[in-house]
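Engineer: Quick one: this structure, given as structure tokens, is what I'll be asking you about.
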Amino acid sequence: MGGLILFIFYGAIVFFLGASAYRGIKYASAPLHVHWDLYRTNSIYAQVEWWTKPGNPFGSKLGSMFLDILFLREFYHRNRRLWYPLYAFHAGLYLLIGWHLWLFVSAVTIDIETASSIGWAWGTFSTLLAFAGAAGILIMRIVDKDLKVFYPPIHYVKWLFILLTLLGGMVAVDIHFKSNMPALLKYVREQVTFADFEHKLHPALAPALHVLLAAVWLVYVPFGHVFQVFFRYYHYLRWDEVANKPGGEVEKKVKEFLKRPVTWAAPHIPPGRTWEEVATERANPGTSTK
Amino acid sequence: MARRNVKLGDISKVTGEPLVTVTAEDLMSLPPPLEKKETAPPISLLSEKQRKNYESSLDGVSALMLPKPIDKQEEEKLVGRFLSGLKKLLSQDDNWLFWQPLMQTLDGCVRCQTCSEACPIYVSSGRQEVYRPTYRAELLRRLIHQYIKKRGKILSRLAGDDIELNWQTVARLAELAYRCTLCRRCSQTCPLGADNGLITREIRKLFSEEMGIAPKEVHDSGTVQHLRAGASTGVSPEAFQNMVEFMEDEIEDKTGKRIKIPLDKEGADILLIHNSGEFMSWIENPVAFSIIFEAAGLNWTLSSEIFGYEAVNYGTWYDDIQFARIALKQVDVARKLKVKKIVIGECGHAHKGLVVIADRILIGDMNFPRESFLPLLEDLVLHGRLKLDPRKNDFAVTLHDPCNVVRLMGIIEPQRRILNEICPQFREMGPHGPENYCCGGGSGFAIMSSTNFPDWRAKISGRMKLKQILEAFREVMDPGIRKYVCAPCSNCKGMIRDLLSRDGLGERYNIRYGGMVDLVVNAMTDLPKPFIEWE
């Protein structure tokens, strides 16, 4: 059993890294698409001979994305009611991620016996914040008639699972480790230094269960919404202003895509042609729909 | 069926009645002078013959005049073709132009419904479930998971994949794709960038490119006619040249000077392309452009070649292939004429289509510079290239923002700087700019006139714009005060014309509509009489 937990935990980390890389490569290798972006402020097209003008600097775009993700600004401006629990959950989550990183680093860099209780307060506050947020979202998803619309059962299961994971963390820290930071850090040190395998193979139930639940999340995250935000929201909706310049990279790609086959079967699309052939010939003028 | 009770699964129900019937009571209230609650049914019933022949089982409206299959066998065949088209939407070869944003939208919605309240059609209709921006997106998502990217039985059940794919589903989805104007206000509002407007267009594309189903006005007498005759209106080069002569007469009448409008001038700096409908319905608009360009001393030309006097590209709304064919023909005219750049006149979707979307299908010498008229006009107005007196425009003016120009292209401030310069009584609609509402005639609706669709358009899709216009002029509704809705887009103008003709609203309250260049010319100091005529 202990071996299995160990395998699942370390396996989940490896899976998380592998799956994240796979998703990243998949997005990066997706076909170039036509411009279909949206704007909030003046774009490059608001200038005379826009093709000669520089686009917005990358730094300002990156800064804007960072603030959006950190504060969920879009939800704040567009759906304040949902933002409150959503932000509590995400803020708790961000703090928890930071707390875990702190645990991993502190476990091997500080004198564990002198660890202060501030670390405990950080973890507890973050968990309670995330728990309150998640519970708030779940309740809203149950009682709010709009938020229930099209929300599939699997997402209710997801929120219950999140609550269970957070609860598992509290049980492990506050009941199993009795809120004792040195004891907790000693356990973490064993995990990050790959030490004391004998102990690992016979783990205590509470931390083992929490590790197991966390492993499930590590497997899920690369396929969740968080991971897609950059590519969907920023990459194609907000930042897709790279012009197709003669002889440039975009043109090279377009040329490749124009060689691809078209198999659409409506009467105005002749069969067995490439995109280039279909687009450059006139449709049969007599072709009508239906 | 009572409103708000329609579920996703109802789309496949075989019923004798439409899934939803919008009543006068459902409709969003309007401000004075239209505050009195309507009582008559907003949408006329189809005739018995129409009901018998055409699909209208979604909401009792037939935008497509989609014939009912004659038997079960034909139904199954059509469902099979729909499924085949759905597979092609997900294919990187067949749909490379939109594959990536489509995939990301299919994966991205968290069902927070933030977009619903952003949709003027959903709100105006009294929040009918079928008009929710997420309704058709969720249907498509579930159909894909249920019939193409199948998941296991348990996961499928937990994910709610329970839509029956039958002819009713296909027919209703086809109509539903034409209950959204592609204004993409929902997409702009989505906190995660899920693009339900794109989903609508992808569904339209599936029906057009695989099944040959599209509104007659958009396809047969739209893109097909455009590709055959060189203009969607069917105007021939000879007829166009006559129109240009007529424009010269008009200019003489308005300015007292006869000018020669440059036609097919090789090597000009600018090839100006208008929506050909302007020449037929609002010739004062190309006339105003000519007066401005001549007064500013620009080196410009119009083209009398087929495709050279027509900026529209209805393919933008429903069909990538028709879109690409038309865009290539338009650019080719400029290339052959050896002009330096194309400037698009007052046509919203031509802006987005030819300047933005077409950018990634044009290669080699077809990758030709293209831009909007707005930055150029701003330059002329704000930098003293024209002699203007704003006092000549001393009447109430509000601006309708065409979605394709503001939200979809990011040209937001130039038109405001122009109006602030030349219209002392300019007032914004609320909301405006990138948060604007569609006129209600977007994505082809302004030209679609089948059966009872114009009722639906006038009462539902255009309702929010009507409300905005009335609110913008709330303080000046006195018929003695002149009011002008500036709509720099042909389709929007057509829609606003219809909205203002409702119960003679425009005439009774002295509200007229027109373009932006009309206002600029009206402010020109050396015109002996006003350019804008008030009846």
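Here's how to read the names in the structure tokens: chain A, B, ... by the order shown, residue numbers from 1 in each chain, ligand numbers from 1 in the order shown.
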Find the residues near Val221 in chain A: any atom within 12 Å, counting only C-alpha atoms, skip ones fewer than 5 places away on the same chain, and give them as a PyMOL selection string.

Structural biologist: chain A and resi 12-13+15-20+23+158+214-216+226-228

Engineer: With N, CA and C atoms retained, export the selected residues as a CSV table (one decimal), in the first residue's frame.

Structural biologist:
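Output saved as part_22.csv:
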```
chain,number,residue,atom,x,y,z
A,12,ALA,N,2.6,11.1,-10.0
A,12,ALA,CA,1.7,12.2,-10.4
A,12,ALA,C,2.6,13.4,-10.7
A,13,ILE,N,3.7,13.6,-10.0
A,13,ILE,CA,4.5,14.7,-10.3
A,13,ILE,C,5.1,14.6,-11.7
A,15,PHE,N,3.9,12.8,-14.1
A,15,PHE,CA,2.8,12.9,-15.0
A,15,PHE,C,2.5,14.4,-15.3
A,16,PHE,N,2.4,15.2,-14.2
A,16,PHE,CA,2.1,16.6,-14.2
A,16,PHE,C,3.1,17.3,-15.2
A,17,LEU,N,4.3,17.0,-15.0
A,17,LEU,CA,5.4,17.7,-15.8
A,17,LEU,C,5.2,17.3,-17.3
A,18,GLY,N,5.1,15.9,-17.4
A,18,GLY,CA,5.0,15.4,-18.8
A,18,GLY,C,3.7,15.9,-19.5
A,19,ALA,N,2.6,15.8,-18.8
A,19,ALA,CA,1.3,16.3,-19.4
A,19,ALA,C,1.3,17.8,-19.7
A,20,SER,N,1.9,18.5,-18.8
A,20,SER,CA,2.0,20.0,-19.1
A,20,SER,C,2.8,20.3,-20.3
A,23,ARG,N,0.7,19.3,-23.4
A,23,ARG,CA,-0.3,20.3,-23.7
A,23,ARG,C,0.4,21.5,-24.4
A,158,LYS,N,-16.4,17.5,-8.9
A,158,LYS,CA,-15.1,18.1,-8.8
A,158,LYS,C,-15.0,19.0,-7.6
A,214,ALA,N,-4.0,14.9,-3.4
A,214,ALA,CA,-3.2,15.9,-4.1
A,214,ALA,C,-2.7,15.4,-5.4
A,215,ALA,N,-2.3,14.1,-5.4
A,215,ALA,CA,-1.8,13.5,-6.7
A,215,ALA,C,-2.9,13.5,-7.8
A,216,VAL,N,-4.1,13.3,-7.4
A,216,VAL,CA,-5.2,13.3,-8.4
A,216,VAL,C,-5.3,14.7,-9.0
A,226,VAL,N,-7.2,26.2,-15.9
A,226,VAL,CA,-6.1,27.2,-15.5
A,226,VAL,C,-5.1,27.1,-16.6
A,227,PHE,N,-4.8,25.9,-17.1
A,227,PHE,CA,-3.7,25.8,-18.0
A,227,PHE,C,-4.0,26.4,-19.4
A,228,GLN,N,-5.3,26.5,-19.7
A,228,GLN,CA,-5.7,26.9,-21.0
A,228,GLN,C,-5.8,28.5,-21.1
```

Engineer: List as a count of residues only the protein and nucleic acid residues near range 446-453 of chain B, meaning an atom at most 7 Å away when only C-alpha atoms are counted, but skip any in the same chain fewer than 2 places from it.

Structural biologist: 16

Engineer: What are the nearest atom pairs, with distances in Å to one decimal, for all residues of chain A that come at most 7 Å from chain B, using only C-alpha atoms, set out by chain and rising residue number as a Markdown table?

Structural biologist:
```
| residue | atom | partner | partner_atom | distance |
| --- | --- | --- | --- | --- |
| A:Ala30 | CA | B:Gln100 | CA | 6.3 |
| A:Pro31 | CA | B:Trp96 | CA | 5.8 |
| A:Leu32 | CA | B:Trp96 | CA | 7.0 |
| A:His33 | CA | B:Leu97 | CA | 4.4 |
| A:Val34 | CA | B:Leu97 | CA | 5.3 |
| A:His35 | CA | B:Ile357 | CA | 5.0 |
| A:Trp36 | CA | B:Ile357 | CA | 6.7 |
| A:Asp37 | CA | B:Leu408 | CA | 6.5 |
| A:Leu38 | CA | B:Leu408 | CA | 4.8 |
| A:Tyr39 | CA | B:Gly410 | CA | 5.0 |
| A:Arg40 | CA | B:Pro434 | CA | 5.7 |
| A:Thr41 | CA | B:Gly410 | CA | 6.1 |
| A:Asn42 | CA | B:Gly410 | CA | 4.8 |
| A:Ser43 | CA | B:Gly410 | CA | 4.6 |
| A:Tyr45 | CA | B:Ile411 | CA | 6.3 |
| A:Ala46 | CA | B:Ile411 | CA | 4.7 |
| A:Gln47 | CA | B:Pro375 | CA | 5.4 |
| A:Val48 | CA | B:Pro375 | CA | 5.3 |
| A:Glu49 | CA | B:Glu371 | CA | 6.8 |
| A:Glu74 | CA | B:Pro191 | CA | 4.8 |
| A:Phe75 | CA | B:Pro191 | CA | 5.5 |
| A:Arg78 | CA | B:Thr189 | CA | 6.7 |
| A:Asn79 | CA | B:Thr114 | CA | 6.2 |
| A:Asp146 | CA | B:Gln113 | CA | 6.6 |
| A:Leu147 | CA | B:Cys112 | CA | 5.7 |
| A:Phe150 | CA | B:Arg111 | CA | 6.6 |
| A:Tyr151 | CA | B:Arg111 | CA | 6.1 |
| A:Pro152 | CA | B:Ala159 | CA | 5.1 |
| A:Pro153 | CA | B:Leu158 | CA | 5.2 |
| A:Ile154 | CA | B:Leu158 | CA | 4.9 |
| A:His225 | CA | B:Gly108 | CA | 6.4 |
| A:Val229 | CA | B:Leu192 | CA | 6.6 |
| A:Arg232 | CA | B:Gln104 | CA | 5.7 |
| A:Tyr233 | CA | B:Gly193 | CA | 4.8 |
| A:Tyr236 | CA | B:Pro101 | CA | 6.9 |
| A:Leu237 | CA | B:Gly193 | CA | 7.0 |
| A:Asn244 | CA | B:Asp359 | CA | 6.2 |
| A:Pro246 | CA | B:Gly364 | CA | 6.1 |
| A:Glu251 | CA | B:Ile363 | CA | 6.0 |
| A:Val254 | CA | B:Ile361 | CA | 6.5 |
| A:Arg260 | CA | B:Asp93 | CA | 5.8 |
| A:Pro261 | CA | B:Asp93 | CA | 6.3 |
| A:Val262 | CA | B:Asp94 | CA | 5.3 |
| A:Thr263 | CA | B:Asp94 | CA | 6.5 |
| A:Trp264 | CA | B:Glu210 | CA | 5.2 |
| A:Ala265 | CA | B:Glu210 | CA | 4.7 |
| A:Ala266 | CA | B:Glu210 | CA | 4.6 |
| A:Pro267 | CA | B:Gly212 | CA | 6.4 |
| A:Ala279 | CA | B:Arg325 | CA | 4.8 |
| A:Thr280 | CA | B:Arg325 | CA | 6.0 |
| A:Arg282 | CA | B:Leu227 | CA | 6.5 |
| A:Pro285 | CA | B:Arg228 | CA | 5.3 |
| A:Ser288 | CA | B:Asp220 | CA | 5.4 |
| A:Thr289 | CA | B:Gly212 | CA | 4.7 |
| A:Lys290 | CA | B:Ile213 | CA | 5.4 |
```

Engineer: Identify, with DSSP run on backbone atoms, the residues in range 230-342 of chain B assigned to strand (DSSP E or B), and express the list as number ranges by chain.

Structural biologist: B: 263, 270-273, 300-302, 341-342

Engineer: Let's see if you can do this: from backbone DSSP, list all alpha helix (DSSP H) residues in range 26-267 of chain A, as number ranges by chain.

Structural biologist: A: 26-28, 58-71, 73-78, 80-109, 118-143, 145-148, 153-170, 181-192, 197-201, 205-220, 225-229, 249-257

Engineer: Could you list, as an NGL selection string, every residue within 12 Å of Glu55 in chain B, counting only C-alpha atoms and ignoring same-chain residues fewer than 2 positions away?

Structural biologist: :B and (14-18 or 46 or 49-53 or 57-69 or 167-176 or 451)

Engineer: Go ahead and write the selection's residues with C-alpha atoms as a compact mmCIF listing (two decimals), in the first residue's frame.

Structural biologist:
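Everything below was put into again04.txt:
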```txt
# COMPACT_ATOMS: atom_id res chain seq x y z
CA VAL B 14 -40.53 16.02 -32.03
CA THR B 15 -43.37 18.45 -31.41
CA GLY B 16 -46.08 20.06 -33.47
CA GLU B 17 -45.34 23.43 -31.88
CA PRO B 18 -42.14 25.53 -31.74
CA LEU B 46 -46.07 31.62 -40.79
CA LYS B 49 -48.27 26.45 -46.40
CA GLN B 50 -45.00 27.80 -45.03
CA ARG B 51 -45.39 25.81 -41.83
CA LYS B 52 -46.04 22.70 -43.88
CA ASN B 53 -43.04 23.18 -46.13
CA SER B 57 -39.81 24.25 -34.91
CA LEU B 58 -37.30 26.35 -32.96
CA ASP B 59 -39.26 29.55 -32.39
CA GLY B 60 -41.85 29.72 -35.15
CA VAL B 61 -39.49 31.74 -37.35
CA SER B 62 -37.91 30.62 -40.60
CA ALA B 63 -34.76 32.50 -41.55
CA LEU B 64 -33.50 29.73 -43.79
CA MET B 65 -36.70 28.48 -45.40
CA LEU B 66 -35.25 25.05 -44.76
CA PRO B 67 -37.41 22.47 -46.56
CA LYS B 68 -38.73 19.63 -44.43
CA PRO B 69 -37.37 16.22 -45.44
CA TRP B 167 -33.46 15.73 -37.72
CA GLN B 168 -35.19 18.04 -35.20
CA THR B 169 -31.84 18.72 -33.55
CA VAL B 170 -30.18 19.48 -36.88
CA ALA B 171 -33.00 21.68 -38.18
CA ARG B 172 -33.29 23.67 -34.95
CA LEU B 173 -29.54 24.12 -34.72
CA ALA B 174 -29.48 25.43 -38.30
CA GLU B 175 -32.09 28.08 -37.44
CA LEU B 176 -30.43 28.80 -34.09
CA THR B 451 -40.93 34.81 -44.27
```

Engineer: Which residues are close to Phe289 in chain B, i.e. within 10 Å by only C-alpha atoms, leaving aside same-chain residues fewer than 5 positions away? Reply as number ranges by chain.

Structural biologist: B: 272, 274, 284, 294-295, 345-346, 373, 377, 516-518, 520-521

Engineer: Write to file, as a PDB file, in the first residue's frame, the residues of the selection just made, with C-alpha atoms.

Structural biologist:
```pdb
ATOM      1  CA  LEU B 272     -11.408  53.525 -52.174  1.00  0.00           C
ATOM      2  CA  HIS B 274     -17.472  51.163 -50.881  1.00  0.00           C
ATOM      3  CA  GLU B 284     -24.791  60.715 -50.625  1.00  0.00           C
ATOM      4  CA  GLU B 294     -10.922  66.007 -53.589  1.00  0.00           C
ATOM      5  CA  ALA B 295     -10.937  68.892 -51.088  1.00  0.00           C
ATOM      6  CA  GLY B 345     -15.396  52.963 -46.871  1.00  0.00           C
ATOM      7  CA  GLU B 346     -18.261  52.865 -44.392  1.00  0.00           C
ATOM      8  CA  PHE B 373     -11.124  55.071 -43.821  1.00  0.00           C
ATOM      9  CA  LEU B 377     -10.478  60.800 -42.067  1.00  0.00           C
ATOM     10  CA  MET B 516     -19.941  59.876 -40.740  1.00  0.00           C
ATOM     11  CA  VAL B 517     -18.561  61.473 -43.891  1.00  0.00           C
ATOM     12  CA  ASP B 518     -21.974  63.077 -44.425  1.00  0.00           C
ATOM     13  CA  VAL B 520     -17.930  66.012 -42.171  1.00  0.00           C
ATOM     14  CA  VAL B 521     -19.096  67.400 -45.523  1.00  0.00           C
TER      15      VAL B 521
END
```

Engineer: Env of range 89-93 of chain A: 10 Å cut, atoms = only C-alpha atoms, seq-sep filter 2 positions within chain, self excluded. Answer as a compact mmCIF listing (two decimals) with C-alpha atoms, in the first residue's frame.

Structural biologist:
```
# COMPACT_ATOMS: atom_id res chain seq x y z
CA ILE A 69 -4.63 35.97 -13.32
CA LEU A 70 -3.57 37.17 -9.87
CA PHE A 71 -6.76 39.10 -9.16
CA LEU A 72 -9.21 37.44 -11.58
CA TRP A 83 -15.94 36.77 -8.05
CA TYR A 84 -16.18 36.86 -4.25
CA PRO A 85 -16.11 33.08 -3.65
CA LEU A 86 -14.04 32.50 -6.77
CA TYR A 87 -11.39 34.90 -5.64
CA LEU A 95 -1.25 31.06 -1.00
CA LEU A 96 -1.33 27.29 -0.63
CA ILE A 97 0.96 26.82 -3.62
CA GLY A 98 3.32 29.35 -2.06
CA TRP A 99 3.04 27.59 1.29
CA TRP A 122 -0.01 30.69 6.69
CA GLY A 123 -1.07 27.15 5.75
CA THR A 124 -4.19 27.20 7.89
CA PHE A 125 -5.36 30.59 6.68
CA SER A 126 -4.77 29.61 3.04
CA THR A 127 -6.63 26.32 3.43
CA LEU A 128 -9.58 27.94 5.20
CA LEU A 129 -9.74 30.68 2.57
CA ALA A 130 -9.69 28.18 -0.29
CA PHE A 131 -12.22 25.99 1.56
CA ALA A 132 -14.59 28.89 2.14
CA GLY A 133 -14.29 29.92 -1.49
CA ALA A 134 -14.84 26.42 -2.83
CA ALA A 135 -17.82 25.87 -0.50
CA GLY A 136 -19.24 29.23 -1.61
CA ILE A 137 -18.92 28.31 -5.25
CA LEU A 166 -8.56 20.70 1.51
```

Engineer: Take CA of Asn420 in chain B and CA of Gly480 in chain B and report the distance between them in Å, one decimal.

Structural biologist: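 Interatomic distance here is 23.2 Å.
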
Engineer: Grab the CA of Lys392 in chain B to CA of Ile418 in chain B distance for me, in Å with one decimal place.

Structural biologist: 14.4 Å
